[in-house]
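start_27.cif (mmCIF, C-alpha atoms) appears below.
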```
data_model
#
loop_
_atom_site.label_atom_id
_atom_site.label_comp_id
_atom_site.auth_asym_id
_atom_site.auth_seq_id
_atom_site.Cartn_x
_atom_site.Cartn_y
_atom_site.Cartn_z
CA MET A 1039 -97.37 -178.62 -106.97
CA LYS A 1040 -94.67 -176.06 -106.63
CA PRO A 1041 -94.87 -173.28 -104.00
CA GLU A 1042 -95.07 -170.56 -106.68
CA ASN A 1043 -98.18 -172.29 -108.06
CA TRP A 1044 -99.73 -172.21 -104.60
CA ILE A 1045 -99.06 -168.51 -104.38
CA SER A 1046 -100.62 -167.74 -107.77
CA LEU A 1047 -103.55 -170.05 -106.97
CA GLY A 1048 -104.01 -168.28 -103.59
CA VAL A 1049 -103.81 -164.84 -105.20
CA GLY A 1050 -106.34 -165.85 -107.86
CA LEU A 1051 -108.68 -167.33 -105.23
CA LEU A 1052 -108.34 -164.25 -102.99
CA THR A 1053 -109.01 -161.97 -105.97
CA ALA A 1054 -112.11 -163.97 -106.88
CA ILE A 1055 -113.42 -163.85 -103.27
CA LEU A 1056 -112.81 -160.10 -102.92
CA THR A 1057 -114.42 -159.44 -106.30
CA GLY A 1058 -117.45 -161.51 -105.28
CA VAL A 1059 -117.77 -159.66 -101.96
CA GLY A 1060 -117.46 -156.34 -103.78
CA LEU A 1061 -120.09 -157.34 -106.33
CA TYR A 1062 -122.41 -158.38 -103.52
CA LEU A 1063 -121.87 -155.46 -101.12
CA GLY A 1064 -121.41 -152.62 -103.65
CA PRO A 1065 -124.97 -152.55 -104.97
CA LYS A 1066 -126.42 -153.09 -101.48
CA LEU A 1067 -124.49 -150.09 -100.11
CA ALA A 1068 -125.40 -147.97 -103.14
CA VAL A 1069 -129.11 -148.76 -102.77
CA ARG A 1070 -129.02 -148.09 -99.01
CA ARG A 1071 -127.32 -144.73 -99.59
CA ALA A 1072 -129.81 -143.79 -102.32
CA LEU A 1073 -132.74 -144.62 -100.01
CA GLU A 1074 -131.26 -142.55 -97.19
CA GLN A 1075 -130.78 -139.63 -99.55
CA PHE A 1076 -134.35 -139.99 -100.87
CA ARG A 1077 -135.80 -140.05 -97.35
CA SER A 1078 -133.70 -137.06 -96.35
CA GLN A 1079 -134.88 -135.12 -99.41
CA LYS A 1080 -138.53 -135.96 -98.71
CA TRP A 1081 -138.18 -134.92 -95.05
CA TRP A 1082 -136.60 -131.62 -96.11
CA GLU A 1083 -139.46 -131.05 -98.60
CA LYS A 1084 -142.05 -131.72 -95.87
CA GLN A 1085 -140.32 -129.27 -93.54
CA GLU A 1086 -140.08 -126.66 -96.28
CA GLN A 1087 -143.78 -127.05 -97.10
CA THR A 1088 -144.74 -126.84 -93.42
CA TYR A 1089 -142.72 -123.69 -92.76
CA SER A 1090 -144.00 -122.12 -95.99
CA THR A 1091 -147.63 -122.89 -95.13
CA LEU A 1092 -147.10 -121.65 -91.59
CA LEU A 1093 -145.59 -118.36 -92.74
CA ASP A 1094 -148.41 -117.90 -95.26
CA ALA A 1095 -150.99 -118.44 -92.51
CA LEU A 1096 -149.22 -115.98 -90.21
CA ALA A 1097 -149.14 -113.39 -93.00
CA VAL A 1098 -152.88 -113.81 -93.63
CA ILE A 1099 -153.64 -113.38 -89.93
CA LEU A 1100 -151.36 -110.33 -89.65
CA SER A 1101 -153.05 -108.76 -92.65
CA HIS A 1102 -156.51 -109.42 -91.20
CA LEU A 1103 -155.58 -108.09 -87.76
CA SER A 1104 -154.03 -104.97 -89.28
CA ALA A 1105 -157.19 -104.31 -91.31
CA GLU A 1106 -159.34 -104.89 -88.22
CA TRP A 1107 -157.20 -102.48 -86.23
CA GLU A 1108 -157.54 -99.86 -88.97
CA ARG A 1109 -161.31 -100.37 -88.97
CA GLU A 1110 -161.38 -100.03 -85.18
CA ILE A 1111 -159.48 -96.75 -85.12
CA GLY A 1112 -161.45 -95.43 -88.08
CA THR A 1113 -158.86 -95.23 -90.86
CA ASN A 1114 -160.42 -98.10 -92.83
CA LEU A 1115 -164.17 -97.99 -93.25
CA LEU A 1116 -164.53 -101.08 -95.45
CA LYS A 1117 -166.06 -104.16 -93.88
CA ALA A 1118 -164.10 -107.41 -94.09
CA SER A 1119 -165.23 -109.53 -97.05
CA ASP A 1120 -166.50 -113.06 -96.62
CA GLU A 1121 -163.46 -114.32 -98.53
CA GLU A 1122 -161.12 -112.46 -96.18
CA LEU A 1123 -162.86 -113.94 -93.14
CA ILE A 1124 -162.68 -117.46 -94.61
CA ARG A 1125 -158.95 -117.04 -95.30
CA TYR A 1126 -158.47 -115.73 -91.76
CA ARG A 1127 -160.33 -118.69 -90.20
CA ARG A 1128 -158.35 -121.17 -92.31
CA ALA A 1129 -155.10 -119.50 -91.30
CA GLU A 1130 -156.07 -119.68 -87.62
CA LEU A 1131 -156.91 -123.36 -88.07
CA GLU A 1132 -153.50 -123.95 -89.68
CA ILE A 1133 -151.75 -122.27 -86.73
CA ASP A 1134 -153.79 -124.29 -84.23
CA THR A 1135 -153.09 -127.52 -86.13
CA ARG A 1136 -149.32 -126.94 -86.28
CA PHE A 1137 -149.29 -126.07 -82.59
CA ALA A 1138 -151.24 -129.23 -81.75
CA GLN A 1139 -148.79 -131.35 -83.77
CA GLY A 1140 -145.92 -130.08 -81.68
CA ALA A 1141 -142.31 -130.15 -82.76
CA TYR A 1142 -142.73 -132.85 -85.38
CA LEU A 1143 -141.89 -130.93 -88.53
CA VAL A 1144 -140.97 -127.60 -86.94
CA SER A 1145 -138.60 -126.65 -84.15
CA ASP A 1146 -139.41 -126.38 -80.45
CA THR A 1147 -138.76 -122.64 -80.66
CA THR A 1148 -141.38 -122.33 -83.40
CA ILE A 1149 -143.91 -124.21 -81.27
CA GLU A 1150 -143.17 -121.92 -78.30
CA ALA A 1151 -143.73 -118.85 -80.48
CA LEU A 1152 -147.02 -120.28 -81.76
CA GLY A 1153 -148.06 -121.04 -78.17
CA LYS A 1154 -147.42 -117.44 -77.13
CA LEU A 1155 -149.35 -116.22 -80.16
CA ILE A 1156 -152.34 -118.42 -79.36
CA ALA A 1157 -152.26 -117.37 -75.70
CA THR A 1158 -152.25 -113.70 -76.71
CA ARG A 1159 -155.08 -114.29 -79.17
CA ASP A 1160 -157.20 -116.09 -76.58
CA ALA A 1161 -156.55 -113.63 -73.72
CA ASP A 1162 -159.53 -111.55 -72.53
CA GLN A 1163 -157.65 -108.94 -70.53
CA TYR A 1164 -158.15 -105.86 -72.67
CA SER A 1165 -160.31 -102.80 -72.07
CA SER A 1166 -160.64 -102.00 -75.77
CA LEU A 1167 -160.60 -103.90 -79.04
CA ALA A 1168 -157.99 -101.53 -80.47
CA HIS A 1169 -155.62 -102.30 -77.59
CA GLU A 1170 -156.20 -106.04 -78.00
CA LEU A 1171 -155.61 -105.89 -81.76
CA ASN A 1172 -152.46 -103.84 -81.23
CA ASP A 1173 -151.05 -106.48 -78.85
CA ASP A 1174 -152.08 -109.28 -81.21
CA ILE A 1175 -150.33 -107.55 -84.11
CA GLY A 1176 -147.17 -107.10 -82.03
CA GLU A 1177 -147.12 -110.74 -80.98
CA MET A 1178 -147.82 -111.78 -84.58
CA LYS A 1179 -144.80 -109.83 -85.84
CA VAL A 1180 -142.58 -111.43 -83.20
CA CYS A 1181 -143.91 -114.87 -84.10
CA ILE A 1182 -143.26 -114.32 -87.82
CA GLN A 1183 -139.65 -113.29 -87.09
CA VAL A 1184 -139.09 -116.39 -84.96
CA VAL A 1185 -140.63 -118.74 -87.53
CA ARG A 1186 -138.60 -117.17 -90.35
CA LYS A 1187 -135.38 -117.58 -88.39
CA GLU A 1188 -136.20 -121.17 -87.46
CA ALA A 1189 -137.17 -121.99 -91.05
CA ARG A 1190 -133.90 -120.55 -92.29
CA ASN A 1191 -131.95 -122.61 -89.75
CA ALA A 1192 -133.83 -125.84 -90.41
CA LEU A 1193 -133.80 -125.58 -94.20
CA SER A 1194 -130.27 -124.28 -94.66
CA SER A 1195 -128.70 -127.05 -92.58
CA ARG A 1196 -129.40 -129.53 -95.36
#
```
How does this structure look as structure tokens?
Amino acid sequence: MKPENWISLGVGLLTAILTGVGLYLGPKLAVRRALEQFRSQKWWEKQEQTYSTLLDALAVILSHLSAEWEREIGTNLLKASDEELIRYRRAELEIDTRFAQGAYLVSDTTIEALGKLIATRDADQYSSLAHELNDDIGEMKVCIQVVRKEARNALSSR
């Protein structure tokens, strides 16, 4: 065999090997990348749902506390409906649940804000209900701002 035949045989063999490796590795890499992208998308959706549910719960609690404060100072004479109380209790449970889960789907800063909110809610240091509700409303507004900011940061980084 002549040397030029060896070269063309070597080139053909090398081409066949590289093509085989490409055909083997290409689909594997594509599937791995697709799975990573799918998992990332699902994680983002879970975070989005968690922050959305959390903000909804905070809004329900803020609304209830504001109405209670108005009732306490005498500007709102309507009693809270059973439906409103059920929504309020569910929202409190949601806040407590997210706090108990810790920084799994939400940021550490969000958990700290929820902790402060729960501590304010559970404090018995007030001389009047109106004063307590006023402090609770203030802490609720701060907590909502923190959670909104953290949600924006977590969900926009995708």
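One finds atom CA of A:Val1185 at 7.7 Å from atom CA of A:Ala1151.
Here atom CA of A:Ser1166 is placed at a distance of 22.8 Å from atom CA of A:Val1098.
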If you count all atoms listed in the file, which residues fall within 12 Å of A:Thr1148, apart from same-chain ones fewer than 3 positions away, as a PyMOL selection string?
-> chain A and resi 1088-1089+1092-1093+1133+1136-1137+1139-1145+1151-1155+1180-1192
Restricted to C-alpha atoms, what would the selected residues look like written as a CSV table (one decimal), keeping the file's coordinate frame?
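This is the output file again-v7.csv:
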```csv
chain,number,residue,atom,x,y,z
A,1088,THR,CA,-144.7,-126.8,-93.4
A,1089,TYR,CA,-142.7,-123.7,-92.8
A,1092,LEU,CA,-147.1,-121.6,-91.6
A,1093,LEU,CA,-145.6,-118.4,-92.7
A,1133,ILE,CA,-151.8,-122.3,-86.7
A,1136,ARG,CA,-149.3,-126.9,-86.3
A,1137,PHE,CA,-149.3,-126.1,-82.6
A,1139,GLN,CA,-148.8,-131.4,-83.8
A,1140,GLY,CA,-145.9,-130.1,-81.7
A,1141,ALA,CA,-142.3,-130.2,-82.8
A,1142,TYR,CA,-142.7,-132.8,-85.4
A,1143,LEU,CA,-141.9,-130.9,-88.5
A,1144,VAL,CA,-141.0,-127.6,-86.9
A,1145,SER,CA,-138.6,-126.6,-84.2
A,1151,ALA,CA,-143.7,-118.8,-80.5
A,1152,LEU,CA,-147.0,-120.3,-81.8
A,1153,GLY,CA,-148.1,-121.0,-78.2
A,1154,LYS,CA,-147.4,-117.4,-77.1
A,1155,LEU,CA,-149.4,-116.2,-80.2
A,1180,VAL,CA,-142.6,-111.4,-83.2
A,1181,CYS,CA,-143.9,-114.9,-84.1
A,1182,ILE,CA,-143.3,-114.3,-87.8
A,1183,GLN,CA,-139.6,-113.3,-87.1
A,1184,VAL,CA,-139.1,-116.4,-85.0
A,1185,VAL,CA,-140.6,-118.7,-87.5
A,1186,ARG,CA,-138.6,-117.2,-90.4
A,1187,LYS,CA,-135.4,-117.6,-88.4
A,1188,GLU,CA,-136.2,-121.2,-87.5
A,1189,ALA,CA,-137.2,-122.0,-91.0
A,1190,ARG,CA,-133.9,-120.6,-92.3
A,1191,ASN,CA,-132.0,-122.6,-89.8
A,1192,ALA,CA,-133.8,-125.8,-90.4
```
If the PyMOL selection byres ((chain A and resi 1126-1129) around 8) is run on the structure shown, which residues does it catch, given as a list in words?
-> Asp1094, Ala1095, Leu1096, Val1098, Ile1099, His1102, Glu1122, Leu1123, Ile1124, Arg1125, Glu1130, Leu1131, Glu1132 and Ile1133 of chain A
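Nearest residue to A:His1169 among A:Ala1138, A:Ile1111, A:Ala1118, A:Ala1105 is A:Ile1111, counting all atoms listed in the file.
Taking atom CA of A:Gly1176 as the reference point, atom CA of A:Asn1114 is found at 19.3 Å.
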Determine, counting only C-alpha atoms, which protein, DNA and RNA residues have an atom within 10 Å of an atom of A:Asp1174; residues of the same chain fewer than 3 positions away are not included. Present the result as a VMD selection string.
-> chain A and resid 1099 to 1100 1103 to 1104 1107 1155 to 1161 1168 to 1171 1177 to 1180
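Shortest atom-to-atom contact with A:Ile1149 among A:Asn1172, A:Ser1194, A:Thr1057, A:Thr1135: A:Thr1135, counting all atoms listed in the file.
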